[in-house]
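Right, one structure below, let's go through it.
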Amino acid sequence: MFRNILPKQYSFYNFFEQHTLVTKETCRELIAITSQGGDIASHVQRIKELEHQADEITHRCIEALHKTFITPIERTDIHYLIKRLDDIVDFIDSAVIRLGLYDITIIRPETREIADVLMRAVCEIELALKGLRNLKDVKLVNEKCINIHTLESEGDDLMRSALSRLFKEGDALLIIKWKEIFERLEKAVDRCEDVANIIEGVVLASS
Amino acid sequence: MFRNILPKQYSFYNFFEQHTLVTKETCRELIAITSQGGDIASHVQRIKELEHQADEITHRCIEALHKTFITPIERTDIHYLIKRLDDIVDFIDSAVIRLGLYDITIIRPETREIADVLMRAVCEIELALKGLRNLKDVKLVNEKCINIHTLESEGDDLMRSALSRLFKEGDALLIIKWKEIFERLEKAVDRCEDVANIIEGVVLASS
Amino acid sequence: MFRNILPKQYSFYNFFEQHTLVTKETCRELIAITSQGGDIASHVQRIKELEHQADEITHRCIEALHKTFITPIERTDIHYLIKRLDDIVDFIDSAVIRLGLYDITIIRPETREIADVLMRAVCEIELALKGLRNLKDVKLVNEKCINIHTLESEGDDLMRSALSRLFKEGDALLIIKWKEIFERLEKAVDRCEDVANIIEGVVLASS
């Protein structure tokens, strides 16, 4: 198997950064869905486009990985990192698709709070990845990762009270629909924590 | 650890081919369930037997993997390939088990369409694996893999309209039951795409 | 990367044994929930504490793995083993959390039977791990692993009749709530079988 002779050390960080930009834009669209009585369908459509862009970046990153011999961090870490980043967008996409599929027109208020947590977690990921690129900044990276763990735990609490309120209303159909949506958003938040775990592992391995 | 001295290069393809035959037979039984008002229970029972056969092939493949030193393609690819093939059968089995578990006697019509997509995807897998065995035929392999991606996307659309129609009927119990069944069939189709991804990776690595 | 020079061969088994003790204690609390009309909330709380302890042991095990150069069994096997053990506790925790979340005060009787299967499977894991530590005892290890497979199959049957009875009652809300709980307990049992599979793989590789 032929691999590039010149190690393109920084290109993987470029992929991560490109992906994070798309992921942030996806969170922004999710927040737009939750904040205005406006055109939900067009934001859902926009998220689908972003999901394709994120896929494309992930695909190119993995392709580059196959062609590069020397990588700045472990190959498997690069692979997991970009896949987990991609899962965040996938789960948001798969959550909002259900708005149309289930004819949902009223967005439950907790969706907004969870969207905010997601956006904040992705911003922390962005900063942690910047710190990772410049490994002198171990302290900043770890700080950001701890923030992501805290946000995941906040997301958990939000999810629980969202589900609790949903079940108290006792409408089985509404429960089935929104449980699916909330669960997908929860998984998106979980993937942020997975990214943090990978980043922490990389820092640990290189210290 | 003692490994075989003579590399049994082709035996892994034999495992894949044996497994694909069982997987095709499983799809045929699934189609039988959806096409006749006849004896659902006996087809479900037959699928359970096929699932055991598939398990057995998977088990023997992984055992052979442990005993073989030189493999025709990457060890992890062989491992993932046979596992993903096996997941297809497992998900079909776990879908149809629910027919009995939930006392379902009327098969929703979309089940047939999804079963057809599954069968076509498995036939493409069969051809792609044949092409992979004879690596001169990269073009054919890639063609078959693209077909599988297209089928997965068709399956996705089918699934969405199946769910949409299900929810519109508004029967919570029926929704719970069929959502489970459709989700498992969807995962079976997804695993076909996973197989295509692995095959594409193998082709990429050896070109 | 600097790794310890002295191989701490036995410490990984210590982690496994510590974790198994916590897992058994978790099963005991689960049984307590199902057996008395008493204070469910306090047992749920206790399980949450045990889940944190298990997490801590898992974390320390993986940290030790990063620092140790020579491991008594394959690195990936150690990693999977401790993660799968940890999943058992996580799934039990995530099952019982739902008792509070969904305001459940009446525990369905099948929960007790499943809890018993779980406890028995974890006890078999404990013995299999002891046998694994002392590799002369291959026969005992395999025996214990076979018992775990049998228990998983028993758990499967229990789960099926639990779901069947649940659906026959036809209360959609109750179905949604308990299906979630039962599914998580089922996954806990499945993880016991994953542990057995890993142990069998280790025995196979060293024979």
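Numbering starts fresh at 1 for the residues of each chain in the structure tokens, the chains themselves are lettered A, B, ... in the order given, and ligands are numbered from 1 as they appear.
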Mind running chain B against chain C at 8 Å and telling me each contacting residue's nearest atom pair with the distance in Å (one decimal), counting only C-alpha atoms, chain and number ascending, as a tab-separated table?
```
residue	atom	partner	partner_atom	distance
B:Met1	CA	C:Ser206	CA	6.4
B:His66	CA	C:Ala205	CA	7.4
B:Leu101	CA	C:Ser164	CA	5.6
B:Tyr102	CA	C:Ser164	CA	6.4
B:Ala172	CA	C:Ala172	CA	6.4
B:Leu173	CA	C:Ala172	CA	5.8
B:Ile176	CA	C:Ile176	CA	7.9
```
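Neighbours of region 134-144 of chain C closer than or equal to 7 Å, with only C-alpha atoms counted and sequence neighbours fewer than 3 positions away skipped, come out as Glu124, Leu127, Ala128, Lys130, Gly131, Asn147, Ile148, Glu200 and Val203 of chain C.
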Take the residues just selected and output them with C-alpha atoms as a PDB file, in the first residue's frame.
```pdb
ATOM      1  CA  GLU C 124     -20.431 -17.113  37.378  1.00  0.00           C
ATOM      2  CA  LEU C 127     -15.692 -17.607  39.303  1.00  0.00           C
ATOM      3  CA  ALA C 128     -14.650 -17.563  35.639  1.00  0.00           C
ATOM      4  CA  LYS C 130     -10.817 -16.443  39.282  1.00  0.00           C
ATOM      5  CA  GLY C 131     -10.212 -19.418  36.990  1.00  0.00           C
ATOM      6  CA  ASN C 147     -23.407 -21.412  32.491  1.00  0.00           C
ATOM      7  CA  ILE C 148     -23.445 -17.724  31.611  1.00  0.00           C
ATOM      8  CA  GLU C 200     -13.486 -17.654  26.272  1.00  0.00           C
ATOM      9  CA  VAL C 203      -8.596 -18.945  27.085  1.00  0.00           C
TER      10      VAL C 203
END
```
- [ ] List the neighbours of Glu193 (chain C) out to 10 Å using only C-alpha atoms; skip same-chain residues closer than 2 positions along the sequence, and give me the result as JSON, numbers by chain.
- [x] {"C": [84, 121, 122, 125, 145, 146, 147, 148, 149, 150, 151, 152, 153, 187, 188, 189, 190, 191, 195, 196, 197, 198, 199]}
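Of note, CA of Glu25 (chain A) and CA of Arg75 (chain A) are spaced 27.1 Å apart.
With only C-alpha atoms as the atoms that count, the minimum distance from Phe16 (chain A) to the choices A:Leu129, A:Ile31, A:Ile73, A:Leu65 is reached by A:Leu129.
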Open item on the list: I want to know what sits within 10 Å of Leu99 (chain C), based on only C-alpha atoms, with residues of the same chain fewer than 6 positions away left out; could you give that as a PyMOL selection string?
Closed with: chain C and resi 40-41+44+105-107+177-178+181
Please write the residues from the selection above to a file, keeping C-alpha atoms, as an mmCIF file, in the first residue's frame.
```cif
data_model
loop_
_atom_site.group_PDB
_atom_site.id
_atom_site.type_symbol
_atom_site.label_atom_id
_atom_site.label_comp_id
_atom_site.auth_asym_id
_atom_site.auth_seq_id
_atom_site.Cartn_x
_atom_site.Cartn_y
_atom_site.Cartn_z
ATOM 1 C CA ILE C 40 -37.388 1.864 46.448
ATOM 2 C CA ALA C 41 -35.821 5.326 46.235
ATOM 3 C CA VAL C 44 -32.043 3.368 43.565
ATOM 4 C CA THR C 105 -44.489 2.219 42.640
ATOM 5 C CA ILE C 106 -45.546 -1.301 41.693
ATOM 6 C CA ILE C 107 -42.662 -3.470 40.517
ATOM 7 C CA LYS C 177 -42.430 2.631 30.767
ATOM 8 C CA TRP C 178 -41.743 -1.041 31.440
ATOM 9 C CA ILE C 181 -36.865 -0.891 32.034
#
```
TODO: Determine which residues of region 4-79 of chain B receive a DSSP assignment of alpha helix (DSSP H), computed from the backbone, and state them as a PyMOL selection string.
DONE: chain B and resi 11-35+40-67+75-79
Task: CA of Leu85 (chain A) to CA of Glu186 (chain C), straight-line distance in Å - done: 29.2 Å
